[in-house]
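Participant: This is the content of protein.csv (CSV, C-alpha atoms and all ligand atoms):
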```csv
chain,number,residue,atom,x,y,z
A,1193,MET,CA,0.0,0.0,0.0
A,1194,ARG,CA,1.4,3.4,-1.0
A,1195,VAL,CA,0.5,6.4,1.2
A,1196,ASP,CA,1.5,9.9,-0.1
A,1197,PHE,CA,1.7,12.5,2.7
A,1198,ARG,CA,4.1,14.8,0.8
A,1199,SER,CA,1.5,17.4,0.1
A,1200,ASP,CA,-2.3,18.0,-0.3
A,1201,THR,CA,-1.6,18.8,-3.9
A,1202,VAL,CA,-1.1,15.2,-4.9
A,1203,THR,CA,-4.8,14.3,-5.0
A,1204,LYS,CA,-6.5,13.0,-8.1
A,1205,PRO,CA,-10.0,14.1,-9.2
A,1206,THR,CA,-12.8,11.9,-7.8
A,1207,PRO,CA,-15.1,10.1,-10.4
A,1208,GLU,CA,-17.9,12.7,-9.5
A,1209,MET,CA,-15.5,15.6,-10.1
A,1210,LEU,CA,-14.4,14.1,-13.4
A,1211,GLU,CA,-18.1,13.8,-14.4
A,1212,ALA,CA,-18.7,17.5,-13.6
A,1213,MET,CA,-15.6,18.4,-15.6
A,1214,PHE,CA,-16.7,16.2,-18.5
A,1215,ASN,CA,-20.1,17.9,-18.6
A,1216,ALA,CA,-18.9,21.5,-18.4
A,1217,GLU,CA,-20.0,24.2,-20.8
A,1218,VAL,CA,-17.0,26.1,-22.0
A,1219,GLY,CA,-16.1,29.1,-24.1
A,1220,ASP,CA,-13.1,31.5,-24.7
A,1221,ASP,CA,-12.2,32.9,-21.3
A,1222,VAL,CA,-10.0,35.7,-22.7
A,1223,PHE,CA,-13.2,37.0,-24.2
A,1224,VAL,CA,-14.9,36.4,-20.7
A,1225,GLU,CA,-17.1,33.9,-22.6
A,1226,ASP,CA,-16.6,30.7,-20.6
A,1227,PRO,CA,-19.8,30.3,-18.6
A,1228,THR,CA,-18.3,27.8,-16.1
A,1229,ILE,CA,-15.4,30.0,-15.3
A,1230,ASN,CA,-17.7,33.0,-15.0
A,1231,SER,CA,-19.9,31.1,-12.6
A,1232,LEU,CA,-16.9,29.9,-10.5
A,1233,GLU,CA,-15.6,33.4,-10.3
A,1234,GLN,CA,-19.0,34.7,-9.1
A,1235,LYS,CA,-19.4,31.9,-6.7
A,1236,ALA,CA,-16.0,32.5,-5.0
A,1237,ALA,CA,-16.6,36.3,-4.9
A,1238,ARG,CA,-20.0,35.9,-3.3
A,1239,LEU,CA,-18.7,33.4,-0.8
A,1240,PHE,CA,-16.3,36.0,0.6
A,1241,GLY,CA,-18.7,39.0,0.1
A,1242,LYS,CA,-16.5,40.4,-2.7
A,1243,GLU,CA,-17.6,41.9,-6.0
A,1244,ALA,CA,-15.6,39.9,-8.4
A,1245,GLY,CA,-13.3,37.0,-8.9
A,1246,LEU,CA,-10.6,35.8,-11.3
A,1247,PHE,CA,-9.7,32.1,-12.1
A,1248,CYS,CA,-6.0,31.5,-12.5
A,1249,PRO,CA,-3.7,28.5,-13.1
A,1250,SER,CA,-2.0,28.6,-9.7
A,1251,GLY,CA,-1.7,30.1,-6.2
A,1252,THR,CA,1.6,31.6,-7.1
A,1253,GLN,CA,0.0,33.5,-10.0
A,1254,THR,CA,-2.9,34.8,-7.9
A,1255,ASN,CA,-0.5,36.0,-5.2
A,1256,GLN,CA,1.9,37.6,-7.8
A,1257,ILE,CA,-0.9,39.3,-9.7
A,1258,ALA,CA,-2.3,40.7,-6.4
A,1259,ILE,CA,1.1,42.1,-5.4
A,1260,ASN,CA,1.5,43.6,-8.9
A,1261,VAL,CA,-1.9,45.3,-8.8
A,1262,HIS,CA,-1.5,46.7,-5.3
A,1263,THR,CA,2.0,48.1,-5.7
A,1264,THR,CA,4.2,50.3,-7.9
A,1265,PRO,CA,7.9,49.5,-8.6
A,1266,GLY,CA,10.0,50.8,-5.6
A,1267,ASP,CA,7.2,50.1,-3.1
A,1268,GLU,CA,7.6,47.5,-0.3
A,1269,VAL,CA,5.4,44.6,0.8
A,1270,ILE,CA,5.4,43.8,4.5
A,1271,CYS,CA,5.0,40.1,5.4
A,1272,ASP,CA,6.2,37.3,7.8
A,1273,LYS,CA,9.6,35.7,7.1
A,1274,LEU,CA,7.9,32.3,6.4
A,1275,SER,CA,5.5,33.7,3.8
A,1276,HIS,CA,5.0,31.6,0.7
A,1277,ILE,CA,5.1,34.8,-1.4
A,1278,HIS,CA,8.7,35.4,-0.2
A,1279,VAL,CA,10.1,31.9,0.3
A,1280,TYR,CA,8.6,29.8,-2.5
A,1281,GLU,CA,7.6,32.1,-5.4
A,1282,GLY,CA,10.9,32.3,-7.2
A,1283,GLY,CA,11.7,35.8,-6.1
A,1284,GLY,CA,8.6,36.9,-8.0
A,1285,ILE,CA,7.9,39.9,-5.8
A,1286,ALA,CA,11.1,41.6,-7.1
A,1287,ALA,CA,11.2,40.1,-10.5
A,1288,ASN,CA,7.6,40.6,-11.5
A,1289,SER,CA,6.8,43.8,-9.6
A,1290,GLY,CA,10.1,45.6,-8.8
A,1291,VAL,CA,9.0,45.6,-5.1
A,1292,SER,CA,11.1,45.1,-2.0
A,1293,THR,CA,10.1,43.0,0.9
A,1294,THR,CA,10.2,43.8,4.7
A,1295,LEU,CA,10.3,40.5,6.5
A,1296,LEU,CA,8.9,40.4,10.0
A,1297,ASP,CA,9.7,37.8,12.6
A,1298,GLY,CA,6.3,36.6,13.5
A,1299,VAL,CA,5.2,33.8,15.7
A,1300,LYS,CA,4.2,30.6,13.9
A,1301,GLY,CA,4.1,32.6,10.6
A,1302,GLN,CA,1.7,35.1,12.1
A,1303,LEU,CA,2.1,38.9,12.6
A,1304,LYS,CA,0.8,41.2,15.3
A,1305,ALA,CA,-0.6,44.6,14.4
A,1306,LYS,CA,2.1,46.3,16.6
A,1307,GLN,CA,5.0,44.9,14.7
A,1308,VAL,CA,3.3,45.7,11.3
A,1309,ALA,CA,2.8,49.3,12.6
A,1310,GLU,CA,6.4,49.6,13.6
A,1311,SER,CA,7.6,48.5,10.2
A,1312,ILE,CA,5.5,51.0,8.1
A,1313,LYS,CA,7.9,53.6,6.8
A,1314,GLU,CA,7.4,57.3,7.2
A,1315,ASP,CA,7.1,59.4,4.0
A,1316,ASN,CA,10.8,60.1,3.4
A,1317,VAL,CA,12.9,59.9,0.2
A,1318,HIS,CA,15.2,57.4,1.8
A,1319,PHE,CA,12.6,54.7,2.2
A,1320,PRO,CA,10.4,52.6,0.0
A,1321,LYS,CA,6.7,53.3,0.1
A,1322,SER,CA,5.0,50.8,2.4
A,1323,THR,CA,1.9,50.0,0.3
A,1324,LEU,CA,1.0,46.4,1.0
A,1325,VAL,CA,0.8,44.0,3.9
A,1326,SER,CA,0.4,40.3,3.0
A,1327,LEU,CA,-0.7,37.6,5.5
A,1328,GLU,CA,-0.9,33.8,5.1
A,1329,ASN,CA,-3.7,31.7,6.6
A,1330,THR,CA,-3.1,28.9,7.2
A,1331,CYS,CA,0.6,29.4,7.1
A,1332,ASN,CA,2.2,26.5,5.2
A,1333,LYS,CA,5.8,26.7,6.4
A,1334,ALA,CA,4.8,27.2,10.0
A,1335,GLY,CA,2.8,23.9,9.9
A,1336,GLY,CA,-0.7,24.9,8.9
A,1337,THR,CA,-1.2,27.5,11.6
A,1338,ILE,CA,-4.4,29.5,11.9
A,1339,TYR,CA,-4.7,33.2,12.7
A,1340,ASN,CA,-7.0,34.3,15.5
A,1341,ARG,CA,-9.8,36.7,14.9
A,1342,PHE,CA,-8.4,39.5,17.0
A,1343,ASP,CA,-5.0,39.7,15.2
A,1344,LEU,CA,-6.7,39.8,11.8
A,1345,GLN,CA,-9.1,42.5,12.9
A,1346,GLU,CA,-6.3,44.6,14.3
A,1347,ILE,CA,-4.1,44.3,11.3
A,1348,HIS,CA,-7.1,45.2,9.1
A,1349,GLN,CA,-7.9,48.3,11.1
A,1350,LEU,CA,-4.2,49.4,11.0
A,1351,CYS,CA,-3.9,49.0,7.3
A,1352,LYS,CA,-7.2,50.9,6.8
A,1353,ALA,CA,-6.0,53.8,9.0
A,1354,GLU,CA,-2.5,53.9,7.3
A,1355,GLY,CA,-3.9,53.5,3.8
A,1356,LEU,CA,-2.1,50.2,3.1
A,1357,ALA,CA,-3.7,47.4,1.0
A,1358,LEU,CA,-4.1,44.1,2.8
A,1359,HIS,CA,-3.7,40.8,0.8
A,1360,LEU,CA,-4.4,37.3,2.1
A,1361,ASP,CA,-2.6,34.3,0.7
A,1362,GLY,CA,-5.5,32.0,1.5
A,1363,ALA,CA,-4.2,28.9,-0.3
A,1364,ARG,CA,-5.7,26.9,2.6
A,1365,ILE,CA,-8.2,29.4,3.9
A,1366,PHE,CA,-10.9,26.8,4.1
A,1367,ASN,CA,-8.7,24.8,6.5
A,1368,ALA,CA,-8.6,27.9,8.7
A,1369,LEU,CA,-12.3,28.7,8.3
A,1370,ILE,CA,-13.6,25.3,9.5
A,1371,GLU,CA,-11.6,25.6,12.7
A,1372,ALA,CA,-11.8,29.4,13.4
A,1373,ASP,CA,-14.5,31.7,14.9
A,1374,TYR,CA,-14.7,33.9,11.9
A,1375,THR,CA,-16.4,33.4,8.5
A,1376,ALA,CA,-15.6,33.8,4.8
A,1377,ASN,CA,-17.5,37.0,5.0
A,1378,ASP,CA,-15.3,38.4,7.8
A,1379,ILE,CA,-12.3,37.5,5.7
A,1380,GLY,CA,-13.8,39.4,2.8
A,1381,ASN,CA,-14.4,42.4,5.0
A,1382,TRP,CA,-10.9,42.4,6.4
A,1383,PHE,CA,-8.8,41.9,3.2
A,1384,ASP,CA,-8.7,43.9,0.0
A,1385,SER,CA,-7.8,40.8,-2.0
A,1386,ILE,CA,-7.8,37.0,-1.3
A,1387,SER,CA,-6.1,34.2,-3.1
A,1388,ILE,CA,-7.8,30.8,-2.7
A,1389,CYS,CA,-6.4,27.5,-4.0
A,1390,LEU,CA,-8.7,24.8,-5.4
A,1391,SER,CA,-5.9,22.2,-5.9
A,1392,LYS,CA,-4.8,21.7,-2.3
A,1393,GLY,CA,-7.2,20.5,0.4
A,1394,LEU,CA,-10.2,21.0,-1.9
A,1395,GLY,CA,-8.9,18.3,-4.3
A,1396,ALA,CA,-9.3,20.0,-7.7
A,1397,PRO,CA,-6.6,19.1,-10.3
A,1398,VAL,CA,-5.6,22.7,-10.9
A,1399,GLY,CA,-6.6,26.3,-10.3
A,1400,SER,CA,-6.7,29.2,-7.9
A,1401,LEU,CA,-9.0,32.2,-7.5
A,1402,LEU,CA,-8.4,35.8,-6.7
A,1403,VAL,CA,-11.3,37.8,-5.3
A,1404,GLY,CA,-11.6,41.6,-4.7
A,1405,SER,CA,-13.4,44.7,-5.9
A,1406,ILE,CA,-14.6,45.2,-9.5
A,1407,GLU,CA,-11.8,47.7,-10.1
A,1408,PHE,CA,-9.1,45.4,-8.5
A,1409,ILE,CA,-10.2,42.3,-10.6
A,1410,HIS,CA,-10.4,44.4,-13.8
A,1411,GLU,CA,-6.8,45.3,-13.4
A,1412,ALA,CA,-5.9,41.8,-12.2
A,1413,ARG,CA,-7.3,40.4,-15.4
A,1414,ARG,CA,-4.9,42.6,-17.4
A,1415,VAL,CA,-2.0,41.5,-15.3
A,1416,ARG,CA,-3.0,37.8,-15.6
A,1417,LYS,CA,-2.8,38.2,-19.4
A,1418,ARG,CA,0.5,40.0,-19.1
A,1419,PHE,CA,1.9,37.1,-17.0
A,1420,GLY,CA,0.7,34.6,-19.7
A,1421,GLY,CA,-2.2,33.3,-17.6
A,1422,GLY,CA,-5.0,34.1,-20.1
A,1423,MET,CA,-7.0,30.9,-20.5
A,1424,ARG,CA,-9.3,29.7,-23.2
A,1425,GLN,CA,-11.8,26.8,-22.7
A,1426,ALA,CA,-10.6,26.3,-19.1
A,1427,GLY,CA,-14.2,25.8,-17.9
A,1428,TYR,CA,-13.4,22.0,-17.7
A,1429,SER,CA,-11.0,22.9,-14.9
A,1430,ALA,CA,-13.4,25.5,-13.4
A,1431,ALA,CA,-16.1,22.8,-13.2
A,1432,ALA,CA,-13.7,20.8,-10.9
A,1433,GLY,CA,-13.4,24.0,-8.8
A,1434,ILE,CA,-17.2,24.4,-8.5
A,1435,TYR,CA,-17.5,20.8,-7.5
A,1436,ALA,CA,-14.8,21.2,-4.9
A,1437,LEU,CA,-16.4,24.3,-3.3
A,1438,ASP,CA,-19.7,22.5,-3.2
A,1439,ASN,CA,-18.5,19.1,-1.9
A,1440,HIS,CA,-15.0,19.2,-0.4
A,1441,ILE,CA,-15.0,22.0,2.2
A,1442,GLU,CA,-16.9,20.3,5.1
A,1443,ARG,CA,-14.8,17.1,4.8
A,1444,LEU,CA,-11.6,19.0,5.7
A,1445,VAL,CA,-12.4,18.2,9.3
A,1446,VAL,CA,-11.4,14.6,8.5
A,1447,ASP,CA,-8.0,15.7,7.2
A,1448,HIS,CA,-7.5,17.7,10.5
A,1449,LYS,CA,-8.5,14.7,12.6
A,1450,ASN,CA,-6.1,12.4,10.6
A,1451,ALA,CA,-3.3,14.9,11.0
A,1452,LYS,CA,-3.8,15.1,14.8
A,1453,ASN,CA,-3.7,11.3,15.0
A,1454,ILE,CA,-0.4,11.2,13.0
A,1455,GLY,CA,1.0,13.9,15.1
A,1456,ARG,CA,0.2,12.0,18.3
A,1457,ALA,CA,1.7,8.8,16.8
A,1458,PHE,CA,5.0,10.6,16.2
A,1459,SER,CA,4.9,12.3,19.6
A,1460,ALA,CA,4.9,8.9,21.3
A,1461,LEU,CA,8.2,7.9,19.6
A,1462,SER,CA,11.4,8.2,21.7
A,1463,CYS,CA,13.4,9.1,18.5
A,1464,VAL,CA,11.2,12.3,18.0
A,1465,ALA,CA,12.4,15.5,19.6
A,1466,GLU,CA,9.2,17.5,19.0
A,1467,VAL,CA,6.0,17.5,16.9
A,1468,THR,CA,4.7,21.1,16.2
A,1469,GLU,CA,1.2,21.5,17.5
A,1470,VAL,CA,-1.2,20.3,14.7
A,1471,GLU,CA,-3.8,23.0,14.0
A,1472,SER,CA,-5.0,21.9,10.5
A,1473,ASN,CA,-3.8,19.3,8.0
A,1474,ILE,CA,0.0,19.7,8.2
A,1475,VAL,CA,2.2,17.7,10.6
A,1476,MET,CA,5.8,18.8,11.3
A,1477,VAL,CA,8.1,16.3,13.0
A,1478,HIS,CA,11.5,17.4,14.4
A,1479,PHE,CA,14.4,15.2,15.3
A,1480,ALA,CA,17.6,15.8,17.4
A,1481,THR,CA,20.0,15.0,14.6
A,1482,ILE,CA,20.2,14.8,10.8
A,1483,GLU,CA,21.0,11.1,11.1
A,1484,ILE,CA,17.9,10.3,13.1
A,1485,LYS,CA,15.7,12.2,10.6
A,1486,GLU,CA,17.3,10.4,7.6
A,1487,LYS,CA,16.7,7.0,9.3
A,1488,VAL,CA,13.1,7.7,10.0
A,1489,LEU,CA,12.5,9.0,6.5
A,1490,ASP,CA,14.2,5.9,5.1
A,1491,TYR,CA,12.1,3.6,7.3
A,1492,LEU,CA,8.9,5.4,6.1
A,1493,THR,CA,9.9,5.3,2.5
A,1494,LYS,CA,10.8,1.6,2.8
A,1495,HIS,CA,7.2,1.0,3.9
A,1496,ASN,CA,5.9,3.1,1.0
A,1497,ILE,CA,4.9,6.0,3.2
A,1498,HIS,CA,6.0,9.2,1.7
A,1499,ALA,CA,6.8,12.4,3.6
A,1500,LEU,CA,8.8,15.5,2.7
A,1501,THR,CA,12.1,16.8,4.1
A,1502,LEU,CA,11.4,20.2,5.6
A,1503,THR,CA,14.8,21.1,7.1
A,1504,SER,CA,17.9,19.0,7.7
A,1505,THR,CA,16.3,17.7,11.0
A,1506,SER,CA,12.6,17.8,10.3
A,1507,ILE,CA,9.9,16.3,8.0
A,1508,ARG,CA,6.4,17.2,6.9
A,1509,LEU,CA,3.3,15.1,6.4
A,1510,VAL,CA,0.1,16.6,4.9
A,1511,THR,CA,-3.3,14.8,5.1
A,1512,HIS,CA,-5.7,15.1,2.2
A,1513,LEU,CA,-8.7,13.7,0.3
A,1514,ASP,CA,-6.9,10.8,-1.1
A,1515,ILE,CA,-5.9,9.2,2.3
A,1516,SER,CA,-8.4,6.4,2.9
A,1517,ASP,CA,-9.2,5.0,6.4
A,1518,GLU,CA,-7.2,1.9,5.4
A,1519,GLN,CA,-4.2,4.0,4.4
A,1520,LEU,CA,-4.4,6.0,7.6
A,1521,GLU,CA,-4.6,2.8,9.7
A,1522,TYR,CA,-1.6,1.3,7.9
A,1523,ALA,CA,0.4,4.6,8.3
A,1524,LEU,CA,-0.4,4.8,12.0
A,1525,ASP,CA,0.5,1.2,12.5
A,1526,THR,CA,3.8,1.7,10.7
A,1527,ILE,CA,4.7,4.8,12.6
A,1528,ASN,CA,3.9,3.1,15.9
A,1529,LYS,CA,6.5,0.4,15.0
A,1530,VAL,CA,9.4,2.8,14.1
A,1531,GLU,CA,12.6,1.2,15.3
A,1532,LEU,CA,16.0,2.7,14.6
A,1601,LIG,C1,0.5,29.1,1.3
A,1601,LIG,C2,0.7,28.9,-0.1
A,1601,LIG,N1,0.5,29.9,-1.0
A,1601,LIG,C3,0.6,29.7,-2.3
A,1601,LIG,C4,1.0,28.5,-2.8
A,1601,LIG,C5,1.2,28.4,-4.3
A,1601,LIG,O1,0.3,27.6,-5.0
A,1601,LIG,P1,0.6,26.9,-6.4
A,1601,LIG,O2,1.4,25.7,-6.1
A,1601,LIG,O3,-0.7,26.6,-6.9
A,1601,LIG,O4,1.4,27.9,-7.2
A,1601,LIG,C6,1.2,27.4,-2.0
A,1601,LIG,C7,1.5,26.1,-2.5
A,1601,LIG,O5,1.8,25.1,-1.8
A,1601,LIG,C8,1.0,27.6,-0.6
A,1601,LIG,O6,1.2,26.6,0.3
```
Please, can you express the file's structure as structure tokens?
Ligand SMILES: Cc1ncc(COP(=O)(O)O)c(C=O)c1O

Facilitator:
Amino acid sequence: MRVDFRSDTVTKPTPEMLEAMFNAEVGDDVFVEDPTINSLEQKAARLFGKEAGLFCPSGTQTNQIAINVHTTPGDEVICDKLSHIHVYEGGGIAANSGVSTTLLDGVKGQLKAKQVAESIKEDNVHFPKSTLVSLENTCNKAGGTIYNRFDLQEIHQLCKAEGLALHLDGARIFNALIEADYTANDIGNWFDSISICLSKGLGAPVGSLLVGSIEFIHEARRVRKRFGGGMRQAGYSAAAGIYALDNHIERLVVDHKNAKNIGRAFSALSCVAEVTEVESNIVMVHFATIEIKEKVLDYLTKHNIHALTLTSTSIRLVTHLDISDEQLEYALDTINKVEL
């Protein structure tokens, strides 16, 4: 039995999702004539109480488009040091938008309004203009951590008072929403733009959405074209996204429960130094030495359980739609028997 915990992006479309894709009505999306894409964009926008949406190939592209629309070359974006937009998007902030980055040392990938306030530059020729703050919820590199309502509200109020735009990298926003005491509508109220991924926990084969005001999305559509993301009959992919939003949000609780069980199994092992508290679907396991980490990873791989190396002494496992009860049971049993 093969169990793939490397990422929640490894899922394959379910038969029902494939059926929805197969039956999609399509058209040329660069002419805004694909009815399925139009309907997905409206659905996502409505869900977050926003005016408009834009379907894009990836979460990297929705983030990079948002940064480009919110800023002018020479500006700066303020974000946490673990942010995907900084760490994992190929230096796109500088390359695509000519924007510098002020990295803050948050806790678990999360910022406080006070540290954001202290990093906003005064209007002085020496400094870049601080025009954008970007948050990530859940935060991937911190282990799927979830922002609390208070911090989001405070950062929103600060950005509004200071005239900065606020973007959310919500690649896994639904993982946060099913655990948190705030709603999609709250998120829509607090953020000027939101990037949402369909191809992670929601199980679609491809696609991300950017939502915001009509003016913002109008400009985002131009930038998407400039970045080479104009799509034609991509309604087949959008149909998977609609199916995912309708059917795969509630079930994320199962992924979270599975992740907690895996976290507990690793915590019980004497060879494990620490398991980061599991808040959503990501489990981060830390070891005292590189050798122990390599041995555990080899053991798992030998038993056809696949995890990712996170740092030289830690690994990551992510739960998702394609982990069956039998696979979970096999994985837990195998982890319980780790012997070095
Ligand atoms: C938090 C976060 N943002 C953005 C992305 C980028 O998404 P994509 O792989 O679709 O470009 C990822 C991918 O894992 C992510 O974890």

Participant: Would you mind reading off the distance between atom CA of Gly1455 of chain A and atom CA of Glu1371 of chain A, one decimal, in Å?

Facilitator: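 Going from atom CA of Gly1455 of chain A over to atom CA of Glu1371 of chain A covers 17.4 Å.
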
Participant: Might you pull out every residue within 10 Å of Glu1486 of chain A, with all atoms listed in the file counted and same-chain residues fewer than 5 positions away left off, and present them as a tab-separated table (two decimals) with C-alpha atoms, keeping the file's coordinate frame?

Facilitator:
```tsv
chain	number	residue	atom	x	y	z
A	1479	PHE	CA	14.40	15.20	15.30
A	1481	THR	CA	20.00	15.00	14.60
A	1491	TYR	CA	12.10	3.60	7.30
A	1492	LEU	CA	8.90	5.40	6.10
A	1501	THR	CA	12.10	16.80	4.10
A	1504	SER	CA	17.90	19.00	7.70
A	1505	THR	CA	16.30	17.70	11.00
A	1506	SER	CA	12.60	17.80	10.30
A	1507	ILE	CA	9.90	16.30	8.00
```

Participant: Tell me which of A:Ile1497, A:Leu1402, A:Leu1350, A:Ile1379 sits closest to ligand LIG 1601 (chain A), counting all atoms listed in the file.

Facilitator: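 Of A:Ile1497, A:Leu1402, A:Leu1350, A:Ile1379, the one nearest ligand LIG 1601 (chain A), counting all atoms listed in the file, is A:Leu1402.
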
Participant: Kindly compile the residues surrounding ligand LIG 1601 (chain A) within 8 Å, counting only C-alpha atoms and all ligand atoms, and format them as JSON, numbers by chain.

Facilitator: {"A": [1199, 1201, 1249, 1250, 1251, 1252, 1253, 1255, 1275, 1276, 1277, 1280, 1281, 1328, 1329, 1330, 1331, 1332, 1333, 1361, 1362, 1363, 1364, 1389, 1391, 1392, 1398, 1399, 1400]}

Participant: I want to know what sits within 9 Å of Leu1327 of chain A, based on all atoms listed in the file, with residues of the same chain fewer than 4 positions away left out; could you give that as a ChimeraX atom specification?

Facilitator: /A:1270-1272,1275,1301-1303,1331,1344,1358-1362

Participant: When you look at Thr1264 of chain A with a cut-off of 10 Å (counting only C-alpha atoms), what residues show up, excluding the ones that are within fewer than 3 positions of it in the same chain? I need them as a PDB file with C-alpha atoms, in the frame of the given file.

Facilitator:
```pdb
ATOM      1  CA  ILE A1259       1.100  42.100  -5.400  1.00  0.00           C
ATOM      2  CA  ASN A1260       1.500  43.600  -8.900  1.00  0.00           C
ATOM      3  CA  VAL A1261      -1.900  45.300  -8.800  1.00  0.00           C
ATOM      4  CA  ASP A1267       7.200  50.100  -3.100  1.00  0.00           C
ATOM      5  CA  GLU A1268       7.600  47.500  -0.300  1.00  0.00           C
ATOM      6  CA  SER A1289       6.800  43.800  -9.600  1.00  0.00           C
ATOM      7  CA  GLY A1290      10.100  45.600  -8.800  1.00  0.00           C
ATOM      8  CA  VAL A1291       9.000  45.600  -5.100  1.00  0.00           C
ATOM      9  CA  LYS A1321       6.700  53.300   0.100  1.00  0.00           C
ATOM     10  CA  THR A1323       1.900  50.000   0.300  1.00  0.00           C
TER      11      THR A1323
END
```
